Every structure is written in C-alpha cells, then in structure tokens.
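Participant: Dropping in run20.txt, with compact mmCIF, C-alpha atoms.
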# COMPACT_ATOMS: atom_id res chain seq x y z
CA MET W 22 4.68 -0.47 -5.28
CA LYS W 23 7.33 -3.17 -4.85
CA ILE W 24 6.71 -6.64 -3.43
CA SER W 25 9.63 -8.88 -2.51
CA VAL W 26 9.05 -12.64 -2.70
CA PHE W 27 11.00 -15.15 -0.61
CA ALA W 28 11.22 -18.81 -1.64
CA VAL W 29 8.15 -18.92 -3.89
CA PRO W 30 9.53 -19.73 -7.36
CA GLU W 31 5.98 -20.17 -8.69
CA ILE W 32 5.53 -16.39 -8.61
CA SER W 33 7.16 -14.78 -11.63
CA LEU W 34 9.19 -11.64 -11.07
CA GLY W 35 8.43 -8.42 -12.91
CA LYS W 36 5.42 -6.16 -13.28
CA HIS W 37 1.90 -7.47 -12.68
CA ASN W 38 -1.50 -5.84 -13.05
CA VAL W 39 -3.83 -6.28 -10.06
CA LYS W 40 -7.38 -6.64 -11.31
CA ASP W 41 -10.02 -4.71 -9.38
CA ALA W 42 -13.69 -5.64 -9.72
CA ARG W 43 -14.72 -2.08 -8.78
CA LEU W 44 -12.86 -0.70 -11.78
CA ASP W 45 -14.58 -3.31 -13.98
CA GLN W 46 -17.97 -2.15 -12.67
CA ALA W 47 -17.08 1.52 -13.21
CA ASP W 48 -15.88 0.76 -16.72
CA LYS W 49 -19.31 -0.64 -17.60
CA LEU W 50 -21.02 2.56 -16.45
CA VAL W 51 -18.63 5.22 -17.79
CA ARG W 52 -17.18 5.01 -21.27
CA ALA W 53 -13.47 5.52 -21.78
CA LYS W 54 -10.93 4.52 -24.40
CA LYS W 55 -8.77 2.63 -21.92
CA LYS W 56 -9.01 0.69 -18.64
CA THR W 57 -5.92 0.63 -16.41
CA TYR W 58 -5.53 -1.56 -13.34
CA PRO W 59 -3.00 -0.75 -10.60
CA GLN W 60 0.40 -2.29 -11.22
CA VAL W 61 2.94 -3.75 -8.80
CA GLU W 62 6.52 -4.86 -9.29
CA ILE W 63 7.54 -8.23 -7.87
CA THR W 64 11.21 -8.60 -7.00
CA GLY W 65 13.39 -11.30 -5.50
CA GLU W 66 14.90 -11.58 -2.03
CA GLY W 67 17.84 -9.36 -2.95
CA ALA W 68 15.58 -6.30 -3.22
CA ALA W 69 13.71 -6.92 0.05
CA LEU W 70 15.03 -3.80 1.79
CA GLU W 71 13.58 -1.56 -0.94
CA ALA W 72 10.23 -3.38 -1.04
CA ASP W 73 6.97 -2.11 0.46
CA VAL W 74 5.74 -5.62 1.28
CA ILE W 75 7.28 -9.09 1.63
CA ILE W 76 5.62 -12.38 0.67
CA ILE W 77 6.88 -15.55 2.35
CA PRO W 78 5.80 -19.17 2.70
CA LYS W 79 4.81 -19.97 6.28
CA ASP W 80 7.90 -22.14 6.77
CA VAL W 81 10.24 -19.20 6.06
CA LYS W 82 8.92 -17.03 8.91
CA ALA W 83 11.54 -18.25 11.40
CA ASP W 84 14.40 -17.41 9.01
CA LEU W 85 13.33 -13.74 8.74
CA ILE W 86 12.80 -13.43 12.48
CA LEU W 87 16.21 -14.94 13.29
CA ARG W 88 17.90 -12.60 10.83
CA ASP W 89 16.40 -9.53 12.51
CA LEU W 90 16.99 -10.94 16.00
CA ASP W 91 20.67 -11.46 15.24
CA PHE W 92 20.98 -7.84 14.10
CA VAL W 93 19.15 -6.50 17.17
CA GLU W 94 21.30 -8.52 19.59
CA THR W 95 24.46 -7.31 17.84
CA ARG W 96 23.35 -3.68 18.25
CA LEU W 97 22.53 -4.21 21.92
CA ALA W 98 25.99 -5.67 22.50
CA ARG W 99 27.49 -2.35 21.36
CA SER W 100 25.99 -0.47 24.34
CA PRO W 101 23.77 1.97 22.42
CA GLU W 102 22.32 5.16 23.93
CA GLU W 103 19.38 4.66 26.28
CA LYS W 104 16.67 5.65 23.81
CA GLU W 105 17.92 3.22 21.21
CA LYS W 106 18.50 0.55 23.85
CA VAL W 107 14.88 0.71 25.03
CA LEU W 108 13.59 0.35 21.47
CA LEU W 109 15.98 -2.49 20.67
CA ASN W 110 14.85 -4.39 23.76
CA LYS W 111 11.20 -3.98 22.72
CA MET W 112 12.03 -5.42 19.32
CA LYS W 113 14.05 -8.24 20.87
CA GLN W 114 11.11 -9.26 23.07
CA VAL W 115 8.74 -9.34 20.10
CA LEU W 116 11.14 -11.33 17.92
CA GLU W 117 11.80 -13.84 20.70
CA LYS W 118 8.04 -14.48 20.81
CA GLU W 119 8.27 -15.28 17.08
CA ASP W 120 6.34 -12.19 16.09
CA PHE W 121 7.27 -9.53 13.53
CA ILE W 122 8.56 -6.09 14.53
CA SER W 123 5.66 -4.60 12.53
CA THR W 124 3.29 -5.76 15.30
CA LEU W 125 4.86 -3.22 17.68
CA GLY W 126 3.08 -0.25 16.11
CA LEU W 127 6.21 1.88 16.05
CA SER W 128 5.87 5.66 16.12
CA SER W 129 7.23 7.91 13.37
CA GLU W 130 10.05 8.90 15.74
CA ASP W 131 10.92 5.24 16.35
CA LYS W 132 11.00 4.55 12.62
CA VAL W 133 13.39 7.43 12.04
CA LEU W 134 15.66 6.12 14.80
CA ILE W 135 15.95 2.69 13.16
CA SER W 136 15.67 3.76 9.52
CA GLY W 137 19.21 2.60 8.73
CA TYR W 138 18.95 -0.78 10.42
CA GLY W 139 17.91 -2.82 7.40
CA LEU W 140 15.31 -4.82 9.31
CA LEU W 141 12.93 -6.97 7.29
CA THR W 142 10.10 -7.76 9.70
CA ILE W 143 9.40 -4.06 10.21
CA LYS W 144 7.68 -4.22 6.80
CA PRO W 145 4.22 -5.69 6.16
CA ILE W 146 4.73 -9.42 5.66
CA VAL W 147 2.15 -11.70 4.10
CA GLU W 148 2.48 -15.41 4.83
CA ILE W 149 1.09 -17.76 2.19
CA ASN W 150 0.66 -21.42 1.39
CA LYS W 151 2.46 -22.54 -1.75
CA GLU W 152 -0.90 -23.36 -3.39
CA GLU W 153 -1.91 -19.68 -3.22
CA ALA W 154 0.86 -18.84 -5.68
CA GLU W 155 -1.16 -20.57 -8.39
CA ASP W 156 -3.73 -17.74 -8.33
CA ILE W 157 -1.47 -14.70 -8.63
CA GLY W 158 -4.38 -12.31 -9.18
CA GLY W 159 -6.18 -13.35 -6.03
CA LEU W 160 -2.94 -13.45 -4.06
CA LEU W 161 -1.90 -9.93 -5.04
CA ALA W 162 -5.35 -8.57 -4.17
CA ARG W 163 -5.00 -10.12 -0.70
CA VAL W 164 -1.45 -8.81 -0.32
CA LEU W 165 -2.57 -5.25 -1.04
CA ALA W 166 -5.50 -5.42 1.37
CA GLN W 167 -3.52 -7.12 4.12
CA SER W 168 -0.61 -4.69 3.89
CA GLY W 169 -2.72 -1.54 4.12
CA PHE W 170 -3.22 -0.42 0.51
CA ILE W 171 -6.43 0.79 -1.17
CA CYS W 172 -7.37 2.22 -4.57
CA PHE W 173 -9.16 5.33 -5.73
CA LEU W 174 -10.73 5.61 -9.17
CA THR W 175 -10.72 8.22 -11.91
CA VAL W 176 -13.18 7.73 -14.77
CA GLY W 177 -14.17 9.16 -18.13
CA ASP W 178 -12.75 10.48 -21.39
CA LYS W 179 -9.47 8.78 -22.24
CA GLU W 180 -9.08 6.40 -19.31
CA ASN W 181 -10.84 4.63 -16.46
CA ARG W 182 -8.14 3.91 -13.91
CA ALA W 183 -7.53 2.56 -10.40
CA TRP W 184 -4.71 4.26 -8.46
CA LEU W 185 -2.90 2.50 -5.63
CA ILE W 186 -2.39 4.41 -2.34
CA LYS W 187 -1.86 3.57 1.33
CA LYS W 188 -4.75 3.69 3.78
CA GLY W 189 -4.79 7.07 5.50
CA THR W 190 -3.63 8.97 2.39
CA THR W 191 -5.04 12.50 2.13
CA ALA W 192 -6.66 13.96 -0.98
CA TRP W 193 -3.61 16.17 -1.47
CA GLU W 194 -1.26 13.17 -1.31
CA ALA W 195 -3.52 11.17 -3.63
CA ALA W 196 -3.36 13.97 -6.18
CA GLY W 197 0.40 13.51 -6.22
CA ALA W 198 -0.06 9.84 -7.13
CA ILE W 199 -1.42 11.06 -10.47
CA HIS W 200 0.98 13.94 -11.12
CA SER W 201 3.03 16.40 -9.05
CA ASP W 202 1.48 19.33 -10.98
CA ILE W 203 -1.99 18.32 -9.77
CA GLN W 204 -0.73 18.14 -6.21
CA GLN W 205 1.03 21.49 -6.36
CA GLY W 206 -1.97 23.27 -7.89
CA PHE W 207 -4.56 21.46 -5.74
CA ILE W 208 -7.82 23.39 -5.28
CA ARG W 209 -10.27 20.69 -4.19
CA ALA W 210 -11.26 17.07 -4.70
CA GLU W 211 -14.67 16.20 -6.11
CA ILE W 212 -15.55 12.88 -4.46
CA ILE W 213 -18.28 10.32 -5.12
CA SER W 214 -18.27 7.22 -2.93
CA PHE W 215 -18.24 3.97 -4.86
CA ALA W 216 -21.52 2.84 -3.30
CA ASP W 217 -23.25 6.08 -4.38
CA PHE W 218 -21.73 5.80 -7.85
CA ILE W 219 -23.06 2.27 -8.35
CA GLN W 220 -26.45 2.98 -6.81
CA ALA W 221 -26.95 6.04 -9.03
CA GLY W 222 -25.89 4.16 -12.15
CA GLY W 223 -22.89 6.29 -13.13
CA GLU W 224 -20.97 9.51 -12.53
CA THR W 225 -23.44 11.90 -14.16
CA GLN W 226 -26.40 10.33 -12.38
CA ALA W 227 -24.59 10.47 -9.03
CA LYS W 228 -23.89 14.16 -9.51
CA GLN W 229 -27.52 14.80 -10.43
CA ALA W 230 -28.57 12.97 -7.25
CA GLY W 231 -26.38 15.30 -5.17
CA LYS W 232 -23.90 12.57 -4.23
CA MET W 233 -20.75 14.46 -5.19
CA ARG W 234 -18.88 16.07 -2.27
CA LEU W 235 -16.29 18.85 -2.38
CA GLU W 236 -13.35 17.90 -0.17
CA GLN W 237 -10.19 19.78 0.83
CA LYS W 238 -6.55 18.69 1.09
CA GLU W 239 -6.98 17.01 4.48
CA TYR W 240 -9.74 14.62 3.39
CA ILE W 241 -8.76 10.98 4.01
CA MET W 242 -9.33 8.93 0.89
CA GLN W 243 -11.64 5.93 1.19
CA ASP W 244 -11.34 2.68 -0.73
CA ALA W 245 -12.71 2.96 -4.30
CA ASP W 246 -13.61 6.65 -4.00
CA LEU W 247 -14.23 8.18 -7.43
CA VAL W 248 -12.37 11.48 -7.58
CA ASN W 249 -11.83 14.41 -9.90
CA PHE W 250 -9.10 16.79 -8.79
CA ARG W 251 -9.49 20.50 -9.52
CA PHE W 252 -6.18 22.29 -9.71
CA ASN W 253 -4.46 25.44 -10.95
CA LYS W 254 -2.38 24.75 -14.05
Show how you would write the structure in this file as structure tokens.
Facilitator:
Amino acid sequence: MKISVFAVPEISLGKHNVKDARLDQADKLVRAKKKTYPQVEITGEGAALEADVIIIPKDVKADLILRDLDFVETRLARSPEEKEKVLLNKMKQVLEKEDFISTLGLSSEDKVLISGYGLLTIKPIVEINKEEAEDIGGLLARVLAQSGFICFLTVGDKENRAWLIKKGTTAWEAAGAIHSDIQQGFIRAEIISFADFIQAGGETQAKQAGKMRLEQKEYIMQDADLVNFRFNK
C-alpha cells in the first residue's frame, strides 16, 4: 500500500510498519518464531497518482480541489461526449462545493471512464493537523481505517502476521495477498473471528469450541479474521 504525503515534512518517507494491537494479542496466545505487522510505503507529492491514499494538512485541501477543478473545466471546454460531459459536470459541482470527488460514490463504469484523468481527490484523502504527524503509528492506523483498509491474521509455526486488504475483499482475493499459488489452488478458507479467538483463549481452543467456520471463495473478509487457507499445491 502506498500513501502520498503533501506538505507534512515531519512524516519521513519510506516504509513503515503499522502496529496492530490485535496481532499483539494473537501473538501472546499462539507461539511463532516471528511477528510481522502490515507495512506501508510513504511517498512524496510526486508519486500521488500512484498512491492508494493521500495525507494532507487541512490548509492544503483547497489546493488539491483547485487542481482537479482546473482539469475538469479544461475537459468540459473541449466539448466531450454526452456521457463524459454528465460525469464531468457532477464532479465540477462537487469540487465547487469544496468537497472531494471521492464523495460522489462513483460506479465502476464511471471510474473506468475517467481512469486516465489523473485526478487526485478521487482517492481517499485524510486531512490531519500538523501535531498528528508526531505520532506516526497512531496516524497510520487512522489513515488505514479511514481509507477503507482492514487486516486479516494468520498465526502459528513460523510467523504470526497481519495482512492488509481493502474492506469488501473476498476470501479468494485475500488468499492472493499471501501468494498467487494459494489463490489459484484455493479450496476453502478456515475462519475464526477475532472475538471468538480471544474468548476461547487461542486457535486450538477456538477450534475445540466449534468456532472455526469453513468459507468459500465469495466470503467477505472481516476485520481481524484469523484464517487458514486450504489449497491445491
């Protein structure tokens, strides 16, 4: 996951681990040789178009909106086809109200239509106060939650690990976050909810209590689900 930062020099660029208290709890209940938090890459303004999320100070909001508004007005001046024109006008109205394009709830078809536009406010944008940059761990946790990301957990043996995925990700897609071979050979996902895992006192105890569910490819992953993927090698 990439996060682009605008005008917040206090945040150092590069890779950062995002600590997750749920993984810490799981690590106390299930032994493993290694504990791995999810990792994000923080980039500067120049990589904003490739980023999944943008962080800005509150006083930079107008600059991003004006940049997108200028682009939209330029496109409208070129007399685009009706379908594009309608969408551009919707975006123009939102931007003129000083809102982000992301608030429009664009359809997949709309996103394809404007995929080459290079708009910034179509992405999740997290506004912060400069003081928040002093607690990078807390800030990144908020950024992930606010921009629609969750984690699932895998535990035991060599590694206890939290894996970063978007809300709405299926079990089949989540398997691909670990390795494409697991996704391609997917048979089922063995799921234990985090609440059941903690209440039972560990993975083995949760299984003994009948809290493990067998889910298929279409299952929508929930935040902090513990999962073991069964797959054909």
Participant: Select, from W:Arg43, W:Glu194, W:Lys36, W:Ile213, the residue with the minimum atom-to-atom distance to Thr225 (chain W), counting only C-alpha atoms.
Facilitator: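 Closest to Thr225 (chain W) of all the choices is W:Ile213.
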Participant: Of the residues W:Gln226, W:Ser100, W:Asn253, W:Gln60, which is the one nearest to Ile186 (chain W), using all atoms listed in the file?
Facilitator: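 Residue with the minimum atom-to-atom distance to Ile186 (chain W): W:Gln60.
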Participant: How many Å lie between CA of Thr191 (chain W) and CA of Ile241 (chain W), rounded to one decimal?
Facilitator: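 Distance between the two atoms: 4.4 Å.
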Participant: I'd like to know which of W:Ile75, W:Lys232, W:Met22, W:Gln220 is closest to Lys187 (chain W), using only C-alpha atoms.
Facilitator: W:Met22
Participant: Excluding Ala198 (chain W) and residues on its chain fewer than 5 positions from it, collect all residues at most 9 Å away from it, counting only C-alpha atoms, and give them as a PDB file with C-alpha atoms, in the coordinates of the input.
Facilitator:
ATOM      1  CA  TRP W 184      -4.710   4.260  -8.460  1.00  0.00           C
ATOM      2  CA  LEU W 185      -2.900   2.500  -5.630  1.00  0.00           C
ATOM      3  CA  ILE W 186      -2.390   4.410  -2.340  1.00  0.00           C
ATOM      4  CA  GLN W 204      -0.730  18.140  -6.210  1.00  0.00           C
TER       5      GLN W 204
END
Participant: Quick one: pull the distance between CA of Gln205 (chain W) and CA of Val176 (chain W), Å, one decimal.
Facilitator: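 Going from CA of Gln205 (chain W) over to CA of Val176 (chain W) covers 21.5 Å.
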Participant: Please determine, counting all atoms listed in the file, which residue among W:Asp246, W:Glu130, W:Asp80, W:Glu180 has the shortest atom-to-atom distance to Lys151 (chain W).
Facilitator: W:Asp80
Participant: Quote the spacing between CA of Cys172 (chain W) and CA of Glu224 (chain W) in Å to one decimal place.
Facilitator: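 Computed distance, CA of Cys172 (chain W) to CA of Glu224 (chain W), equals 17.4 Å.
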Participant: Give the answer as one residue: which of W:Lys179, W:Lys104, W:Arg251, W:Lys188 has the shortest atom-to-atom distance to Arg209 (chain W), using all atoms listed in the file?
Facilitator: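 That would be W:Arg251, the residue with the smallest distance to Arg209 (chain W).
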Participant: Could you list, as a PyMOL selection string, every residue within 9 Å of Asp244 (chain W), counting all atoms listed in the file and ignoring same-chain residues fewer than 5 positions away?
Facilitator: chain W and resi 170-174+188+214-215
Participant: Using only C-alpha atoms, determine which residues lie at most 12 Å from Lys49 (chain W), disregarding the query and same-chain residues fewer than 6 positions distant; provide the list as a list of chain:residue names.
Facilitator: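 Answer for this query is W:Ala42, W:Arg43, W:Lys55, W:Lys56, W:Val176, W:Gly177, W:Asn181, W:Phe218, W:Ile219, W:Gly222, W:Gly223, W:Glu224.
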Participant: So that I can check the surroundings of Phe252 (chain W), please list as an mmCIF file with C-alpha atoms, in the frame of the given file every protein, DNA and RNA residue that reaches within 10 Å of it, counting only C-alpha atoms and ignoring chain neighbours fewer than 6 positions away.
Facilitator:
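And here is the file that came out, out-v1.cif:
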data_model
loop_
_atom_site.group_PDB
_atom_site.id
_atom_site.type_symbol
_atom_site.label_atom_id
_atom_site.label_comp_id
_atom_site.auth_asym_id
_atom_site.auth_seq_id
_atom_site.Cartn_x
_atom_site.Cartn_y
_atom_site.Cartn_z
ATOM 1 C CA ALA W 196 -3.360 13.970 -6.180
ATOM 2 C CA ASP W 202 1.480 19.330 -10.980
ATOM 3 C CA ILE W 203 -1.990 18.320 -9.770
ATOM 4 C CA GLN W 204 -0.730 18.140 -6.210
ATOM 5 C CA GLN W 205 1.030 21.490 -6.360
ATOM 6 C CA GLY W 206 -1.970 23.270 -7.890
ATOM 7 C CA PHE W 207 -4.560 21.460 -5.740
ATOM 8 C CA ILE W 208 -7.820 23.390 -5.280
ATOM 9 C CA ARG W 209 -10.270 20.690 -4.190
ATOM 10 C CA ALA W 210 -11.260 17.070 -4.700
#
Participant: Which residues, written as a ChimeraX atom specification, have at least one atom at most 12 Å from region 81-91 of chain W, with all atoms listed in the file counted and residues fewer than 5 positions away on the same chain left out?
Facilitator: /W:26-29,66,69,75-76,96-98,109-123,138-144,146-151
Participant: From the options W:Ala166, W:Met242, W:Ala183, W:Ile24, which residue's atoms come nearest to Asp45 (chain W), counting all atoms listed in the file?
Facilitator: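 Between W:Ala166, W:Met242, W:Ala183, W:Ile24, the residue approaching Asp45 (chain W) most closely is W:Ala183.
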Participant: At a cut-off of 7 Å around the point (-17.9, 13.6, -9.6) (file coordinates), what residues fall inside when counting only C-alpha atoms? I'd like the answer as a CSV table (one decimal) with C-alpha atoms, in the coordinates of the input.
Facilitator:
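New file part-v7.csv:
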chain,number,residue,atom,x,y,z
W,211,GLU,CA,-14.7,16.2,-6.1
W,212,ILE,CA,-15.6,12.9,-4.5
W,213,ILE,CA,-18.3,10.3,-5.1
W,224,GLU,CA,-21.0,9.5,-12.5
W,228,LYS,CA,-23.9,14.2,-9.5
W,233,MET,CA,-20.8,14.5,-5.2
W,247,LEU,CA,-14.2,8.2,-7.4
W,248,VAL,CA,-12.4,11.5,-7.6
W,249,ASN,CA,-11.8,14.4,-9.9
